[in-house]
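A.B. asks: The file below is final.txt, compact mmCIF, C-alpha atoms:
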# COMPACT_ATOMS: atom_id res chain seq x y z
CA MET X 2 124.55 174.26 157.52
CA SER X 3 127.51 172.07 156.67
CA SER X 4 130.83 173.60 155.69
CA PHE X 5 133.15 172.26 153.02
CA GLN X 6 136.82 172.02 152.20
CA VAL X 7 138.66 171.65 148.89
CA ARG X 8 141.33 168.98 148.70
CA PRO X 9 143.13 166.80 146.15
CA ALA X 10 141.03 163.87 144.97
CA ARG X 11 141.86 160.33 145.98
CA THR X 12 141.02 157.09 144.21
CA GLY X 13 138.23 156.56 146.73
CA ASP X 14 136.54 159.72 145.37
CA VAL X 15 136.33 158.59 141.75
CA ARG X 16 132.89 156.99 141.97
CA ALA X 17 131.51 160.13 143.66
CA ILE X 18 133.04 162.22 140.85
CA GLN X 19 131.33 159.96 138.32
CA ASP X 20 128.03 160.34 140.23
CA LEU X 21 128.37 164.14 140.04
CA LEU X 22 129.19 163.93 136.32
CA GLU X 23 126.39 161.58 135.25
CA PRO X 24 123.41 164.03 135.37
CA PHE X 25 125.36 166.47 133.18
CA VAL X 26 126.15 163.69 130.72
CA GLN X 27 122.45 162.78 130.59
CA LYS X 28 121.61 166.44 129.84
CA ARG X 29 124.38 166.50 127.19
CA ILE X 30 126.13 169.36 128.99
CA LEU X 31 129.34 167.39 129.59
CA LEU X 32 130.83 164.43 127.77
CA GLY X 33 130.83 161.16 129.67
CA LYS X 34 134.04 159.69 130.96
CA ASP X 35 134.61 156.01 131.50
CA LEU X 36 135.50 155.05 135.05
CA VAL X 37 138.99 154.00 133.93
CA VAL X 38 139.59 157.49 132.47
CA LEU X 39 138.58 159.09 135.77
CA TYR X 40 140.93 156.79 137.70
CA GLU X 41 143.76 157.60 135.27
CA ALA X 42 143.17 161.33 135.79
CA VAL X 43 142.45 161.32 139.54
CA GLN X 44 145.65 163.27 140.25
CA GLU X 45 144.28 166.15 138.11
CA PHE X 46 141.17 166.53 140.30
CA LEU X 47 140.29 168.56 143.34
CA VAL X 48 137.10 167.75 145.23
CA ALA X 49 134.92 169.79 147.53
CA GLU X 50 133.93 167.73 150.55
CA THR X 51 131.50 168.53 153.35
CA SER X 52 132.43 168.14 156.98
CA ALA X 53 130.25 164.99 156.85
CA GLY X 54 132.47 163.50 154.10
CA GLU X 55 130.10 164.03 151.14
CA ILE X 56 131.72 164.98 147.82
CA ILE X 57 129.71 168.00 146.59
CA GLY X 58 131.89 169.28 143.76
CA CYS X 59 134.93 168.59 141.66
CA GLY X 60 137.19 170.11 139.06
CA ALA X 61 140.32 169.07 137.20
CA LEU X 62 143.39 170.82 135.87
CA HIS X 63 144.82 169.31 132.69
CA VAL X 64 148.14 170.61 131.36
CA ILE X 65 147.94 171.35 127.62
CA TRP X 66 151.36 172.94 126.99
CA GLU X 67 154.24 174.51 128.87
CA ASP X 68 152.22 177.60 129.81
CA ILE X 69 148.58 176.51 129.32
CA GLY X 70 146.26 174.34 131.38
CA GLU X 71 142.58 173.52 131.06
CA VAL X 72 139.95 173.61 133.77
CA ARG X 73 137.93 170.45 133.15
CA THR X 74 134.93 168.69 134.65
CA LEU X 75 134.03 171.55 137.00
CA ILE X 76 130.85 170.38 138.71
CA VAL X 77 128.96 171.49 141.81
CA GLY X 78 126.03 169.51 143.17
CA ASP X 79 122.66 171.26 142.79
CA ASP X 80 122.18 171.65 146.56
CA TRP X 81 125.50 173.52 146.78
CA LEU X 82 125.14 175.96 143.89
CA HIS X 83 125.72 179.65 144.72
CA ARG X 84 127.48 178.79 147.99
CA GLY X 85 131.08 179.41 146.93
CA VAL X 86 131.97 175.82 146.01
CA GLY X 87 132.70 176.50 142.33
CA ARG X 88 134.74 179.58 143.21
CA ALA X 89 136.76 177.61 145.78
CA LEU X 90 137.44 174.84 143.27
CA VAL X 91 138.58 177.28 140.57
CA ASP X 92 140.78 179.10 143.09
CA GLY X 93 142.37 175.78 144.04
CA LEU X 94 142.93 174.83 140.40
CA GLU X 95 144.50 178.24 139.73
CA GLU X 96 146.88 177.80 142.67
CA ARG X 97 147.82 174.36 141.36
CA ALA X 98 148.37 175.83 137.87
CA LEU X 99 150.68 178.52 139.24
CA ARG X 100 152.69 175.92 141.19
CA LEU X 101 153.14 173.99 137.94
CA GLY X 102 154.42 177.14 136.19
CA LEU X 103 151.38 177.75 133.99
CA SER X 104 150.51 181.30 133.02
CA ARG X 105 147.20 180.74 131.21
CA LEU X 106 144.07 178.71 131.90
CA PHE X 107 141.57 177.60 129.27
CA CYS X 108 138.00 176.40 129.70
CA LEU X 109 135.19 175.37 127.38
CA THR X 110 131.92 176.23 129.07
CA PHE X 111 128.25 177.13 128.98
CA GLU X 112 128.79 179.02 132.27
CA VAL X 113 130.23 182.17 130.69
CA ASP X 114 129.10 184.54 133.47
CA PHE X 115 130.66 182.39 136.21
CA PHE X 116 134.01 182.19 134.42
CA THR X 117 133.91 185.88 133.47
CA ARG X 118 133.59 186.70 137.19
CA ARG X 119 136.69 184.52 137.74
CA GLY X 120 138.69 186.61 135.22
CA PHE X 121 138.28 184.48 132.07
CA SER X 122 137.50 186.08 128.70
CA PRO X 123 136.15 184.58 125.46
CA ILE X 124 138.87 183.84 122.94
CA GLY X 125 139.11 183.84 119.17
CA GLU X 126 140.93 181.57 116.80
CA GLN X 127 144.68 182.10 117.25
CA VAL X 128 145.76 181.65 120.87
CA VAL X 129 149.14 179.99 120.34
CA ASP X 130 151.91 180.63 117.86
CA PRO X 131 152.13 178.43 114.74
CA ASP X 132 155.03 176.31 116.09
CA VAL X 133 153.10 175.41 119.26
CA TYR X 134 149.95 174.80 117.20
CA SER X 135 151.84 172.32 115.01
CA GLN X 136 152.79 170.37 118.15
CA LEU X 137 149.41 170.58 119.87
CA VAL X 138 147.49 169.42 116.80
CA ARG X 139 149.25 166.03 117.20
CA SER X 140 147.70 165.42 120.61
CA PRO X 141 145.01 162.71 120.79
CA ASP X 142 143.39 164.57 123.72
CA GLU X 143 139.89 165.91 122.94
CA GLY X 144 140.45 168.86 125.29
CA VAL X 145 143.41 170.00 123.24
CA ALA X 146 141.28 169.71 120.08
CA GLU X 147 138.63 171.85 121.81
CA PHE X 148 141.27 174.40 122.79
CA LEU X 149 142.47 174.59 119.17
CA ASP X 150 138.83 174.75 117.98
CA LEU X 151 139.38 171.89 115.53
CA ALA X 152 136.44 171.03 113.29
CA HIS X 153 136.13 167.39 114.39
CA VAL X 154 135.12 168.39 117.94
CA LYS X 155 132.53 171.00 116.95
CA PRO X 156 129.49 168.64 117.11
CA ASN X 157 130.36 167.95 120.77
CA THR X 158 131.02 171.57 121.70
CA LEU X 159 128.19 173.52 120.05
CA GLY X 160 126.95 176.31 122.29
CA ASN X 161 130.04 176.24 124.48
CA THR X 162 132.31 179.27 124.77
CA ARG X 163 136.09 178.96 124.66
CA MET X 164 137.57 181.16 127.40
CA LEU X 165 141.07 181.99 128.60
CA LYS X 166 142.55 183.59 131.70
CA ARG X 167 146.03 184.96 132.23
CA LEU X 168 147.32 183.97 135.66
CA TRP X 169 149.35 186.19 137.92
CA ALA X 170 151.30 184.99 140.90
CA ARG X 171 149.45 185.84 144.10
As structure tokens, what does this structure read like?
C.D. replies:
Amino acid sequence: MSSFQVRPARTGDVRAIQDLLEPFVQKRILLGKDLVVLYEAVQEFLVAETSAGEIIGCGALHVIWEDIGEVRTLIVGDDWLHRGVGRALVDGLEERALRLGLSRLFCLTFEVDFFTRRGFSPIGEQVVDPDVYSQLVRSPDEGVAEFLDLAHVKPNTLGNTRMLKRLWAR
């Protein structure tokens, strides 16, 4: 059995990230991302890589506001499910979030049980104060719109659960 490590993504990993993403896009579980968007965001990604150099999982941390980040594009290859890859990626993203000074992590997911085991909880409507909301609503980023639960993203997010976790320094 091959082991794996989690490390920051490099530009050479982007096509493997897209290959991991594509089956979920086809199943309409995740929204597709153009290759250029993945290259622009490569610094947000961590990848899980086998000792043989195969990329078997990925996840990204996107900063939303001074204290809030979003776990995005968390994917584990089918052959590696239930082997600790997702947990290792989320742990790495949480460590990165803490280093950036974030105190909360958001995710929009169908995998409620997985994220609940990682300390996330479903959230309601008002998760930021009105002043922050008035700033965030100006963002063109779809993830921010999902976080705010804006009506224009609802057709793309039906069935997903909005979840939040408060981070504590380890």
A.B. asks: Counting all atoms listed in the file, which residues sit no farther than 12 Å from the position (129.5, 159.9, 140.0) in the file's frame? I'd like them as a ChimeraX atom specification.
C.D. replies: /X:13-26,33-36,39,55-59,74,76-78
A.B. asks: Pick the closest to X:Ile124 from X:Leu165, X:Leu94, X:Ile69, X:Ile30: which is it, counting only C-alpha atoms?
C.D. replies: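 Comparing X:Leu165, X:Leu94, X:Ile69, X:Ile30 against X:Ile124, the winner is X:Leu165.
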A.B. asks: Atom CA of X:Leu103 to atom CA of X:Arg163: how many Å, to one decimal?
C.D. replies: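 It comes out at 18.0 Å.
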A.B. asks: What is the distance between atom CA of X:Glu96 and atom CA of X:Thr51, in Å to one decimal?
C.D. replies: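 Atom-to-atom, atom CA of X:Glu96 to atom CA of X:Thr51, that is 20.9 Å.
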A.B. asks: Have a look at X:Glu95, X:Thr12, X:Val7, X:Gly85 and name the one nearest to X:Tyr40; count all atoms listed in the file.
C.D. replies: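 So, comparing all the options, the nearest one is X:Thr12.
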